[in-house]
file data.csv (CSV, C-alpha atoms and all ligand atoms)
chain,number,residue,atom,x,y,z
A,281,ASN,CA,23.3,16.5,-3.5
A,282,LYS,CA,26.3,14.6,-4.5
A,283,SER,CA,28.0,15.2,-7.8
A,284,ILE,CA,28.2,12.0,-9.9
A,285,TYR,CA,30.8,12.0,-12.7
A,286,ILE,CA,30.5,9.5,-15.5
A,287,LEU,CA,33.0,9.0,-18.3
A,288,GLY,CA,31.3,7.9,-21.5
A,289,ILE,CA,33.2,6.2,-24.4
A,290,GLU,CA,31.8,5.7,-27.9
A,291,SER,CA,33.7,3.8,-30.6
A,292,SER,CA,31.0,1.8,-32.5
A,293,CYS,CA,31.7,3.1,-36.0
A,294,ASP,CA,34.0,5.8,-37.3
A,295,ASP,CA,34.0,8.3,-34.6
A,296,THR,CA,36.2,8.0,-31.5
A,297,SER,CA,34.5,10.0,-28.7
A,298,ALA,CA,34.8,10.5,-24.9
A,299,ALA,CA,32.6,12.7,-22.7
A,300,VAL,CA,32.3,13.6,-19.1
A,301,ILE,CA,28.8,14.2,-17.6
A,302,CYS,CA,28.0,15.4,-14.2
A,303,ASN,CA,24.5,14.8,-12.9
A,304,GLY,CA,23.1,14.9,-16.4
A,305,LYS,CA,25.0,18.0,-17.6
A,306,ILE,CA,27.8,17.6,-20.2
A,307,LEU,CA,31.2,18.9,-19.0
A,308,SER,CA,33.0,17.7,-22.2
A,309,ASN,CA,32.2,15.8,-25.4
A,310,VAL,CA,35.2,15.3,-27.6
A,311,VAL,CA,34.7,13.7,-31.0
A,312,ALA,CA,37.6,12.6,-33.3
A,313,THR,CA,36.0,11.9,-36.7
A,314,GLN,CA,38.0,9.6,-39.0
A,315,GLU,CA,38.6,11.4,-42.3
A,316,ILE,CA,40.3,8.3,-43.7
A,317,HIS,CA,37.1,6.7,-45.0
A,318,ALA,CA,36.1,9.6,-47.3
A,319,LYS,CA,38.0,8.4,-50.3
A,320,TYR,CA,36.7,4.9,-50.0
A,321,GLY,CA,33.1,6.0,-50.2
A,322,GLY,CA,32.2,4.2,-46.9
A,323,VAL,CA,33.6,3.1,-43.6
A,324,VAL,CA,36.4,0.5,-43.9
A,325,PRO,CA,36.2,-1.6,-40.7
A,326,GLU,CA,39.9,-2.5,-40.5
A,327,LEU,CA,40.9,1.2,-40.9
A,328,ALA,CA,38.3,2.3,-38.4
A,329,SER,CA,39.7,-0.1,-35.7
A,330,ARG,CA,43.2,1.2,-36.4
A,331,ALA,CA,42.1,4.9,-36.2
A,332,HIS,CA,40.3,4.2,-32.9
A,333,GLN,CA,43.6,2.7,-31.5
A,334,GLN,CA,45.4,5.9,-32.4
A,335,ASN,CA,42.7,8.3,-31.2
A,336,ILE,CA,41.4,6.7,-28.0
A,337,VAL,CA,44.0,7.9,-25.5
A,338,PRO,CA,44.2,11.5,-26.6
A,339,VAL,CA,40.4,11.8,-26.9
A,340,ILE,CA,39.9,10.5,-23.4
A,341,GLN,CA,42.7,12.7,-22.0
A,342,GLN,CA,41.2,15.7,-23.7
A,343,ALA,CA,37.7,14.9,-22.4
A,344,ILE,CA,38.9,14.7,-18.8
A,345,GLN,CA,41.0,17.8,-19.2
A,346,GLN,CA,38.2,19.9,-20.7
A,347,ALA,CA,35.8,18.7,-17.9
A,348,ASN,CA,38.3,20.1,-15.5
A,349,ILE,CA,38.2,17.2,-13.2
A,350,ASP,CA,40.7,14.7,-11.9
A,351,LYS,CA,40.2,11.1,-13.1
A,352,LYS,CA,39.9,10.1,-9.5
A,353,ASP,CA,36.7,12.0,-9.3
A,354,LEU,CA,35.0,9.6,-11.8
A,355,ASN,CA,32.2,7.4,-10.4
A,356,ALA,CA,31.8,5.0,-13.3
A,357,ILE,CA,32.8,4.3,-16.9
A,358,ALA,CA,30.1,3.9,-19.5
A,359,PHE,CA,31.0,2.4,-22.9
A,360,THR,CA,29.1,1.4,-26.1
A,361,ARG,CA,28.6,-2.4,-26.0
A,362,GLY,CA,26.9,-2.5,-29.5
A,363,PRO,CA,25.6,-2.5,-32.1
A,364,GLY,CA,28.5,-1.6,-34.3
A,365,LEU,CA,31.6,-2.8,-35.9
A,366,MET,CA,33.2,-5.5,-33.8
A,367,GLY,CA,36.8,-4.3,-34.1
A,368,SER,CA,35.8,-0.7,-33.3
A,369,LEU,CA,33.7,-1.8,-30.3
A,370,LEU,CA,36.6,-3.8,-28.9
A,371,VAL,CA,38.9,-0.8,-28.8
A,372,GLY,CA,36.4,1.2,-26.7
A,373,SER,CA,35.3,-1.7,-24.5
A,374,SER,CA,38.8,-2.9,-23.7
A,375,PHE,CA,39.9,0.6,-22.9
A,376,ALA,CA,36.8,1.1,-20.6
A,377,LYS,CA,37.6,-2.1,-18.8
A,378,SER,CA,41.2,-1.1,-18.2
A,379,ILE,CA,40.2,2.3,-16.7
A,380,SER,CA,37.6,0.6,-14.6
A,381,LEU,CA,40.2,-1.8,-13.2
A,382,ALA,CA,42.8,0.9,-12.7
A,383,LEU,CA,40.5,3.3,-10.9
A,384,ASN,CA,38.5,0.6,-9.2
A,385,ILE,CA,35.1,2.0,-10.3
A,386,PRO,CA,32.1,0.3,-11.9
A,387,LEU,CA,31.6,-0.4,-15.6
A,388,ILE,CA,28.3,0.3,-17.4
A,389,ALA,CA,27.5,-1.2,-20.8
A,390,ILE,CA,25.4,0.9,-23.1
A,391,ASN,CA,23.3,0.1,-26.2
A,392,HIS,CA,24.3,2.6,-28.9
A,393,MET,CA,20.7,3.0,-30.1
A,394,GLN,CA,19.4,3.7,-26.6
A,395,GLY,CA,22.1,6.3,-26.5
A,396,HIS,CA,20.8,8.1,-29.6
A,397,VAL,CA,17.2,8.1,-28.1
A,398,LEU,CA,18.2,9.1,-24.6
A,399,ALA,CA,20.5,11.9,-25.8
A,400,HIS,CA,17.2,13.9,-25.4
A,401,PHE,CA,17.6,13.6,-21.6
A,402,ILE,CA,21.0,15.4,-21.5
A,403,ASP,CA,20.5,18.5,-19.4
A,404,ASP,CA,20.9,21.3,-21.8
A,405,GLU,CA,19.0,24.5,-22.2
A,406,LYS,CA,19.1,24.1,-26.0
A,407,GLN,CA,16.9,21.0,-26.0
A,408,GLN,CA,13.7,19.9,-24.3
A,409,LYS,CA,13.1,16.6,-22.5
A,410,PRO,CA,10.2,14.6,-23.9
A,411,PRO,CA,7.6,13.2,-21.5
A,412,PHE,CA,6.7,9.5,-21.5
A,413,PRO,CA,5.4,7.9,-23.5
A,414,PHE,CA,6.9,9.4,-26.7
A,415,LEU,CA,7.7,8.2,-30.2
A,416,CYS,CA,11.2,8.5,-31.6
A,417,LEU,CA,12.3,8.2,-35.2
A,418,THR,CA,15.8,7.0,-34.8
A,419,ILE,CA,17.7,7.4,-38.0
A,420,SER,CA,21.4,6.8,-38.6
A,421,GLY,CA,23.9,5.3,-40.9
A,422,GLY,CA,23.1,1.8,-39.5
A,423,HIS,CA,19.5,2.1,-38.3
A,424,THR,CA,16.0,3.3,-39.2
A,425,GLN,CA,13.5,2.7,-36.5
A,426,ILE,CA,10.3,4.0,-35.0
A,427,VAL,CA,10.5,3.4,-31.3
A,428,LYS,CA,7.9,3.8,-28.6
A,429,ILE,CA,9.6,4.9,-25.3
A,430,SER,CA,7.5,4.2,-22.2
A,431,SER,CA,10.3,4.9,-19.7
A,432,TYR,CA,14.1,5.3,-19.9
A,433,PHE,CA,14.7,1.6,-20.3
A,434,ASN,CA,11.4,0.4,-21.7
A,435,MET,CA,11.6,0.8,-25.5
A,436,GLU,CA,9.6,-1.0,-28.1
A,437,ILE,CA,10.5,-1.0,-31.8
A,438,LEU,CA,7.3,-0.4,-33.7
A,439,GLY,CA,8.9,-0.5,-37.2
A,440,GLU,CA,12.3,-0.6,-38.8
A,441,THR,CA,14.0,-0.9,-42.1
A,442,LEU,CA,14.0,-4.3,-43.9
A,443,ASP,CA,17.2,-3.5,-45.8
A,444,ASP,CA,19.3,-0.3,-46.0
A,445,ALA,CA,19.3,2.3,-43.3
A,446,VAL,CA,18.2,5.8,-44.2
A,447,GLY,CA,21.8,7.1,-43.7
A,448,GLU,CA,23.0,4.5,-46.2
A,449,ALA,CA,20.3,5.8,-48.6
A,450,PHE,CA,21.8,9.3,-48.3
A,451,ASP,CA,25.4,8.1,-48.4
A,452,LYS,CA,24.9,5.7,-51.3
A,453,SER,CA,23.0,8.2,-53.4
A,454,ALA,CA,25.8,10.7,-52.7
A,455,LYS,CA,28.3,8.2,-53.9
A,456,ILE,CA,26.4,7.7,-57.2
A,457,LEU,CA,26.6,11.5,-57.6
A,458,GLY,CA,30.4,11.4,-57.0
A,459,LEU,CA,30.2,13.1,-53.6
A,460,PRO,CA,32.6,11.9,-50.8
A,461,TYR,CA,31.6,9.9,-47.7
A,462,PRO,CA,29.6,10.7,-45.7
A,463,GLY,CA,27.4,12.2,-48.3
A,464,GLY,CA,24.3,12.8,-46.2
A,465,PRO,CA,25.3,16.3,-45.1
A,466,LEU,CA,26.4,17.2,-48.7
A,467,ILE,CA,23.0,16.2,-50.1
A,468,ASP,CA,21.4,18.3,-47.4
A,469,LYS,CA,23.6,21.3,-48.4
A,470,HIS,CA,23.0,21.0,-52.1
A,471,ALA,CA,19.3,20.4,-51.6
A,472,LYS,CA,18.9,23.8,-50.0
A,473,THR,CA,19.2,25.5,-53.4
A,474,GLY,CA,17.5,22.8,-55.5
A,475,ASN,CA,14.0,22.1,-56.7
A,476,PRO,CA,12.6,19.1,-54.8
A,477,LYS,CA,10.0,18.4,-57.5
A,478,ALA,CA,12.5,18.5,-60.4
A,479,PHE,CA,12.8,14.7,-60.6
A,480,LYS,CA,10.4,12.0,-59.3
A,481,PHE,CA,11.4,8.8,-57.7
A,482,THR,CA,8.9,6.2,-56.7
A,483,LYS,CA,8.4,5.4,-53.1
A,484,PRO,CA,8.5,1.7,-52.0
A,485,LYS,CA,5.4,-0.1,-50.8
A,486,VAL,CA,6.2,-1.6,-47.4
A,487,ASP,CA,3.9,-3.2,-44.8
A,488,ALA,CA,3.1,-1.8,-41.4
A,489,LEU,CA,5.6,0.7,-39.9
A,490,ASN,CA,8.6,-0.8,-41.7
A,491,PHE,CA,10.9,0.9,-44.2
A,492,SER,CA,12.8,-0.1,-47.3
A,493,PHE,CA,15.5,2.0,-49.0
A,494,SER,CA,17.4,-0.4,-51.2
A,495,GLY,CA,14.9,0.0,-54.1
A,496,LEU,CA,15.3,3.8,-54.0
A,497,LYS,CA,19.1,3.5,-54.3
A,498,THR,CA,18.8,1.3,-57.4
A,499,ALA,CA,16.2,3.6,-58.9
A,500,ILE,CA,18.6,6.5,-58.5
A,501,LEU,CA,21.5,4.6,-59.9
A,502,TYR,CA,19.5,3.7,-63.1
A,503,PHE,CA,18.2,7.2,-63.4
A,504,ILE,CA,21.7,8.7,-63.2
A,505,GLN,CA,23.1,6.1,-65.7
A,506,LYS,CA,20.4,6.8,-68.2
A,507,LYS,CA,20.7,10.6,-67.9
A,508,THR,CA,24.5,10.7,-68.1
A,509,LYS,CA,24.3,8.6,-71.2
A,510,GLU,CA,22.2,11.3,-72.8
A,511,ASN,CA,24.3,14.1,-71.3
A,512,PRO,CA,27.6,13.5,-69.7
A,513,HIS,CA,27.4,16.7,-67.7
A,514,PHE,CA,23.9,15.8,-66.3
A,515,ILE,CA,25.0,15.5,-62.7
A,516,LYS,CA,27.1,18.7,-62.7
A,517,GLU,CA,24.4,20.7,-64.3
A,518,ASN,CA,21.6,19.4,-62.1
A,519,LEU,CA,23.3,18.6,-58.8
A,520,ASP,CA,21.2,20.8,-56.6
A,521,ASP,CA,17.9,19.6,-58.1
A,522,ILE,CA,18.9,16.0,-58.0
A,523,CYS,CA,19.9,16.3,-54.3
A,524,ALA,CA,16.7,18.1,-53.4
A,525,SER,CA,14.6,15.5,-55.2
A,526,ILE,CA,16.3,12.6,-53.5
A,527,GLN,CA,16.0,14.3,-50.1
A,528,TYR,CA,12.3,15.1,-50.7
A,529,THR,CA,11.6,11.4,-51.5
A,530,ILE,CA,13.5,10.1,-48.4
A,531,VAL,CA,11.8,12.7,-46.2
A,532,GLU,CA,8.3,11.7,-47.6
A,533,ILE,CA,9.0,8.0,-46.9
A,534,LEU,CA,10.0,8.7,-43.3
A,535,PHE,CA,7.1,11.0,-42.5
A,536,ASP,CA,4.5,8.8,-44.2
A,537,LYS,CA,5.4,6.1,-41.6
A,538,LEU,CA,5.8,8.4,-38.7
A,539,LYS,CA,2.4,9.9,-39.3
A,540,LYS,CA,1.0,6.3,-39.4
A,541,ALA,CA,2.7,5.5,-36.1
A,542,VAL,CA,1.2,8.6,-34.4
A,543,ASN,CA,-2.3,7.7,-35.7
A,544,GLU,CA,-2.0,4.1,-34.6
A,545,THR,CA,-0.6,4.8,-31.1
A,546,GLY,CA,-2.3,8.1,-30.4
A,547,ILE,CA,1.0,9.4,-29.1
A,548,LYS,CA,1.7,12.9,-30.3
A,549,HIS,CA,5.0,13.6,-28.5
A,550,VAL,CA,7.4,12.9,-31.3
A,551,ALA,CA,11.2,13.0,-31.2
A,552,ILE,CA,14.0,12.4,-33.7
A,553,ALA,CA,17.4,11.0,-33.0
A,554,GLY,CA,20.5,9.7,-34.7
A,555,GLY,CA,22.9,11.1,-37.3
A,556,VAL,CA,20.3,11.7,-40.0
A,557,SER,CA,18.2,13.8,-37.6
A,558,ALA,CA,20.8,16.5,-38.3
A,559,ASN,CA,19.2,16.9,-41.7
A,560,SER,CA,17.7,20.3,-42.0
A,561,GLU,CA,14.7,19.3,-44.0
A,562,ILE,CA,13.7,16.6,-41.6
A,563,ARG,CA,14.0,19.1,-38.8
A,564,LEU,CA,11.8,21.6,-40.6
A,565,VAL,CA,9.1,19.1,-41.6
A,566,LEU,CA,8.9,17.7,-38.0
A,567,LYS,CA,8.6,21.2,-36.6
A,568,SER,CA,5.9,22.1,-39.1
A,569,TYR,CA,3.7,19.2,-37.7
A,570,GLU,CA,3.3,21.1,-34.4
A,571,GLU,CA,1.0,23.5,-36.1
A,572,LYS,CA,-0.3,21.3,-38.9
A,573,LEU,CA,-1.0,18.1,-36.8
A,574,GLY,CA,-0.9,19.2,-33.2
A,575,TRP,CA,2.3,17.3,-32.4
A,576,THR,CA,4.8,18.3,-29.7
A,577,THR,CA,8.2,17.7,-31.2
A,578,TYR,CA,11.6,17.2,-29.7
A,579,ILE,CA,14.7,17.9,-31.8
A,580,PRO,CA,18.1,17.1,-30.2
A,581,LYS,CA,20.8,19.7,-30.1
A,582,PHE,CA,22.9,19.3,-33.2
A,583,GLU,CA,26.0,17.9,-31.5
A,584,TYR,CA,24.0,15.1,-29.8
A,585,THR,CA,22.6,13.8,-33.1
A,586,THR,CA,25.7,12.2,-34.8
A,587,ASP,CA,27.7,9.7,-32.9
A,588,ASN,CA,29.1,11.1,-29.7
A,589,ALA,CA,30.0,9.9,-26.2
A,590,GLY,CA,27.7,12.5,-24.5
A,591,MET,CA,24.8,10.3,-25.4
A,592,ILE,CA,26.6,7.2,-24.0
A,593,ALA,CA,27.5,9.1,-20.8
A,594,ILE,CA,23.9,10.2,-20.2
A,595,VAL,CA,22.6,6.6,-20.4
A,596,GLY,CA,25.5,5.7,-18.1
A,597,TYR,CA,24.3,8.3,-15.6
A,598,LEU,CA,20.7,7.0,-15.8
A,599,LYS,CA,21.9,3.4,-15.3
A,600,TYR,CA,24.2,4.5,-12.5
A,601,LEU,CA,21.1,5.9,-10.7
A,602,GLU,CA,19.5,2.5,-11.2
A,603,ASN,CA,22.6,0.6,-10.1
A,604,THR,CA,22.9,-1.3,-13.3
A,605,PHE,CA,26.6,-2.3,-13.4
A,606,LEU,CA,28.5,-4.9,-15.3
A,607,ASN,CA,31.3,-7.3,-14.5
A,608,GLN,CA,34.6,-7.3,-16.3
A,609,LYS,CA,33.8,-10.4,-18.3
A,610,THR,CA,31.1,-8.8,-20.4
A,611,ILE,CA,31.8,-9.1,-24.1
A,612,THR,CA,30.9,-6.6,-26.8
A,613,THR,CA,28.1,-7.5,-29.2
A,614,ALA,CA,28.0,-6.4,-32.8
A,615,ARG,CA,24.3,-7.0,-33.2
A,616,LEU,CA,22.3,-5.7,-30.3
A,617,LYS,CA,18.6,-5.0,-30.2
A,618,VAL,CA,17.3,-2.0,-28.3
B,1,LIG,O1,24.4,8.3,-35.9
B,1,LIG,P1,25.6,8.5,-36.9
B,1,LIG,O2,26.6,9.5,-36.7
B,1,LIG,O3,26.3,7.1,-37.0
B,1,LIG,C1,25.7,5.9,-37.0
B,1,LIG,O4,25.4,5.4,-35.9
B,1,LIG,O5,25.4,5.4,-38.1
B,1,LIG,O6,24.9,8.7,-38.4
B,1,LIG,C2,25.7,8.9,-39.5
B,1,LIG,C3,24.8,9.1,-40.7
B,1,LIG,C4,25.5,9.1,-42.0
B,1,LIG,O7,24.9,8.2,-42.9
B,1,LIG,C5,25.5,10.5,-42.5
B,1,LIG,O8,25.5,10.7,-43.9
B,1,LIG,C6,24.1,10.9,-41.9
B,1,LIG,O9,24.1,10.3,-40.6
B,1,LIG,N1,23.9,12.4,-41.8
B,1,LIG,C7,23.1,13.1,-42.5
B,1,LIG,C8,23.3,14.4,-42.1
B,1,LIG,N2,24.2,14.5,-41.2
B,1,LIG,C9,24.6,13.2,-41.0
B,1,LIG,N3,22.2,12.7,-43.4
B,1,LIG,C10,21.4,13.7,-44.0
B,1,LIG,N4,21.5,15.0,-43.7
B,1,LIG,C11,22.4,15.4,-42.8
B,1,LIG,N5,22.5,16.7,-42.5
B,2,ZN,ZN,24.9,6.2,-34.3
call {"tool": "encode", "arguments": {"input": "data.csv", "output": "structure tokens"}}
result
Amino acid sequence: NKSIYILGIESSCDDTSAAVICNGKILSNVVATQEIHAKYGGVVPELASRAHQQNIVPVIQQAIQQANIDKKDLNAIAFTRGPGLMGSLLVGSSFAKSISLALNIPLIAINHMQGHVLAHFIDDEKQQKPPFPFLCLTISGGHTQIVKISSYFNMEILGETLDDAVGEAFDKSAKILGLPYPGGPLIDKHAKTGNPKAFKFTKPKVDALNFSFSGLKTAILYFIQKKTKENPHFIKENLDDICASIQYTIVEILFDKLKKAVNETGIKHVAIAGGVSANSEIRLVLKSYEEKLGWTTYIPKFEYTTDNAGMIAIVGYLKYLENTFLNQKTITTARLKV
């Protein structure tokens, strides 16, 4: 039983992260979150690339140190190939290639969205591995997908957003309310003490298992503009209720489609993944369907939901076992499908 050590590197958006995994168990998972974007209300690509440049060396050093291994013990380097911001991806991929050359070990390219889904297979007592096939609602700042997973590398997208991602819906709504980026966690926090039925927003009508969130964002914008014209303190006086109502609407949109997917496929093993799966209401509602609808649900450990290199390292490990390596010429890709 040999120990296989994989270094994972994630730099697709605004988190610089490195992790070391040994036979599926996380030894370290260091994340440097870029605070610089908060005041701009969203990720500024150029600033993200610069921050990755600054963070990448210390983050990797820390990951190797915390794992308590020598870099010569590493068996392979796994990095995020895409999808993501091109400049951000280039920092991680160039660095990964350099280490692979220097240590003379193989390079493994990882699809970021596969990383979110397969984070469920990190060996950790705080989470349960789903059996195949299972459905995964993958929700992040860039994606909203219902995926059918038949085996580690056999994934089929059953439905996805036609415009904004659900994370964007959270973040853009938060921006309208004057909350800093990323606003998703703040909406979650305020919603806890608000009334979800205080305000009503119409849900979009979208075909099949697809989603749409751009209309909701516009509806919220007009609603807030109208209300603040009547009462300039409207947001301040009603923040918790507004957040709870927005969250309630988003959660309904997501679960309407997820229920449809379960009914159509007959698959009752249901997982969530991606940054937005950190949302407390989404976790509660999913869990409640165990009793209500007979689902078995899989909720990833909190730190494996938002962008992190642990999820890249686990896919690296699974690909290592399958001998799926890459040559040094592989380029990064900003738009990659699962
Ligand atoms: O997966 P992730 O870290 O990055 C991408 O790949 O996009 O997801 C980030 C997204 C952001 O939109 C953020 O607002 C959202 O996840 N998010 C949340 C929560 N925590 C993070 N949205 C709602 N509730 C939360 N608790
Ligand atoms: Zn992500």
call {"tool": "closest_residue", "arguments": {"input": "data.csv", "among": "A:Gln345, A:Asn281, A:Ser560, A:Thr529", "to": "ligand LIG 1 (chain B)", "atoms": "all atoms listed in the file"}}
result
A:Ser560
call {"tool": "residues_near_ligand", "arguments": {"input": "data.csv", "ligand": "ligand LIG 1 (chain B)", "cutoff": "7 Å", "atoms": "all atoms listed in the file", "output": "PyMOL selection string"}}
result
chain A and resi 293+420-423+447-448+450-451+462-465+467-468+554-560+585-587
call {"tool": "residues_around", "arguments": {"input": "data.csv", "residues": "A:His470", "least_positions_apart": "3", "cutoff": "9 Å", "atoms": "only C-alpha atoms", "output": "NGL selection string"}}
result
:A and (465-467 or 473-474 or 519-524)
call {"tool": "closest_residue", "arguments": {"input": "data.csv", "among": "A:Val397, A:Leu534, A:Leu566, A:Leu606", "to": "ligand ZN 2 (chain B)", "atoms": "only C-alpha atoms and all ligand atoms"}}
result
A:Val397
call {"tool": "atom_distance", "arguments": {"input": "data.csv", "atom1": "atom CA of A:Ala376", "atom2": "atom CA of A:Thr313"}}
result
19.4 Å
call {"tool": "decode", "arguments": {"input": "data.csv", "residues": "stretch 589-610 of chain A", "atoms": "N, CA and C atoms", "output": "mmCIF file, in the first residue's frame"}}
result
data_model
loop_
_atom_site.group_PDB
_atom_site.id
_atom_site.type_symbol
_atom_site.label_atom_id
_atom_site.label_comp_id
_atom_site.auth_asym_id
_atom_site.auth_seq_id
_atom_site.Cartn_x
_atom_site.Cartn_y
_atom_site.Cartn_z
ATOM 1 N N ALA A 589 -8.160 24.067 -3.383
ATOM 2 C CA ALA A 589 -7.329 23.145 -4.160
ATOM 3 C C ALA A 589 -7.510 21.699 -3.721
ATOM 4 N N GLY A 590 -8.151 21.479 -2.570
ATOM 5 C CA GLY A 590 -8.410 20.112 -2.123
ATOM 6 C C GLY A 590 -9.226 19.359 -3.162
ATOM 7 N N MET A 591 -10.210 20.070 -3.737
ATOM 8 C CA MET A 591 -11.075 19.423 -4.729
ATOM 9 C C MET A 591 -10.303 19.152 -6.039
ATOM 10 N N ILE A 592 -9.298 19.956 -6.308
ATOM 11 C CA ILE A 592 -8.470 19.736 -7.499
ATOM 12 C C ILE A 592 -7.534 18.554 -7.236
ATOM 13 N N ALA A 593 -7.011 18.491 -6.005
ATOM 14 C CA ALA A 593 -6.092 17.410 -5.638
ATOM 15 C C ALA A 593 -6.787 16.046 -5.655
ATOM 16 N N ILE A 594 -8.054 15.991 -5.210
ATOM 17 C CA ILE A 594 -8.740 14.684 -5.205
ATOM 18 C C ILE A 594 -8.966 14.195 -6.642
ATOM 19 N N VAL A 595 -9.331 15.113 -7.544
ATOM 20 C CA VAL A 595 -9.504 14.689 -8.940
ATOM 21 C C VAL A 595 -8.148 14.268 -9.503
ATOM 22 N N GLY A 596 -7.086 14.979 -9.095
ATOM 23 C CA GLY A 596 -5.731 14.609 -9.502
ATOM 24 C C GLY A 596 -5.399 13.196 -9.057
ATOM 25 N N TYR A 597 -5.776 12.879 -7.837
ATOM 26 C CA TYR A 597 -5.500 11.535 -7.307
ATOM 27 C C TYR A 597 -6.272 10.476 -8.100
ATOM 28 N N LEU A 598 -7.564 10.751 -8.361
ATOM 29 C CA LEU A 598 -8.385 9.783 -9.104
ATOM 30 C C LEU A 598 -7.843 9.594 -10.522
ATOM 31 N N LYS A 599 -7.367 10.703 -11.122
ATOM 32 C CA LYS A 599 -6.802 10.587 -12.479
ATOM 33 C C LYS A 599 -5.441 9.899 -12.441
ATOM 34 N N TYR A 600 -4.699 10.114 -11.381
ATOM 35 C CA TYR A 600 -3.393 9.460 -11.221
ATOM 36 C C TYR A 600 -3.591 7.945 -11.227
ATOM 37 N N LEU A 601 -4.625 7.505 -10.511
ATOM 38 C CA LEU A 601 -4.902 6.068 -10.458
ATOM 39 C C LEU A 601 -5.256 5.526 -11.845
ATOM 40 N N GLU A 602 -5.810 6.413 -12.685
ATOM 41 C CA GLU A 602 -6.165 5.990 -14.053
ATOM 42 C C GLU A 602 -5.072 6.308 -15.053
ATOM 43 N N ASN A 603 -3.962 6.845 -14.569
ATOM 44 C CA ASN A 603 -2.836 7.184 -15.451
ATOM 45 C C ASN A 603 -3.160 8.217 -16.509
ATOM 46 N N THR A 604 -3.970 9.210 -16.141
ATOM 47 C CA THR A 604 -4.325 10.252 -17.102
ATOM 48 C C THR A 604 -3.397 11.453 -16.920
ATOM 49 N N PHE A 605 -2.288 11.460 -17.638
ATOM 50 C CA PHE A 605 -1.337 12.552 -17.487
ATOM 51 C C PHE A 605 -1.353 13.458 -18.705
ATOM 52 N N LEU A 606 -0.575 14.504 -18.599
ATOM 53 C CA LEU A 606 -0.605 15.564 -19.590
ATOM 54 C C LEU A 606 0.812 15.865 -20.025
ATOM 55 N N ASN A 607 0.963 16.393 -21.232
ATOM 56 C CA ASN A 607 2.316 16.829 -21.547
ATOM 57 C C ASN A 607 2.442 18.323 -21.295
ATOM 58 N N GLN A 608 3.651 18.827 -21.335
ATOM 59 C CA GLN A 608 3.933 20.210 -20.944
ATOM 60 C C GLN A 608 3.299 21.239 -21.874
ATOM 61 N N LYS A 609 2.845 20.818 -23.048
ATOM 62 C CA LYS A 609 2.352 21.797 -24.024
ATOM 63 C C LYS A 609 0.885 22.179 -23.799
ATOM 64 N N THR A 610 0.216 21.468 -22.932
ATOM 65 C CA THR A 610 -1.219 21.723 -22.748
ATOM 66 C C THR A 610 -1.496 23.166 -22.335
#
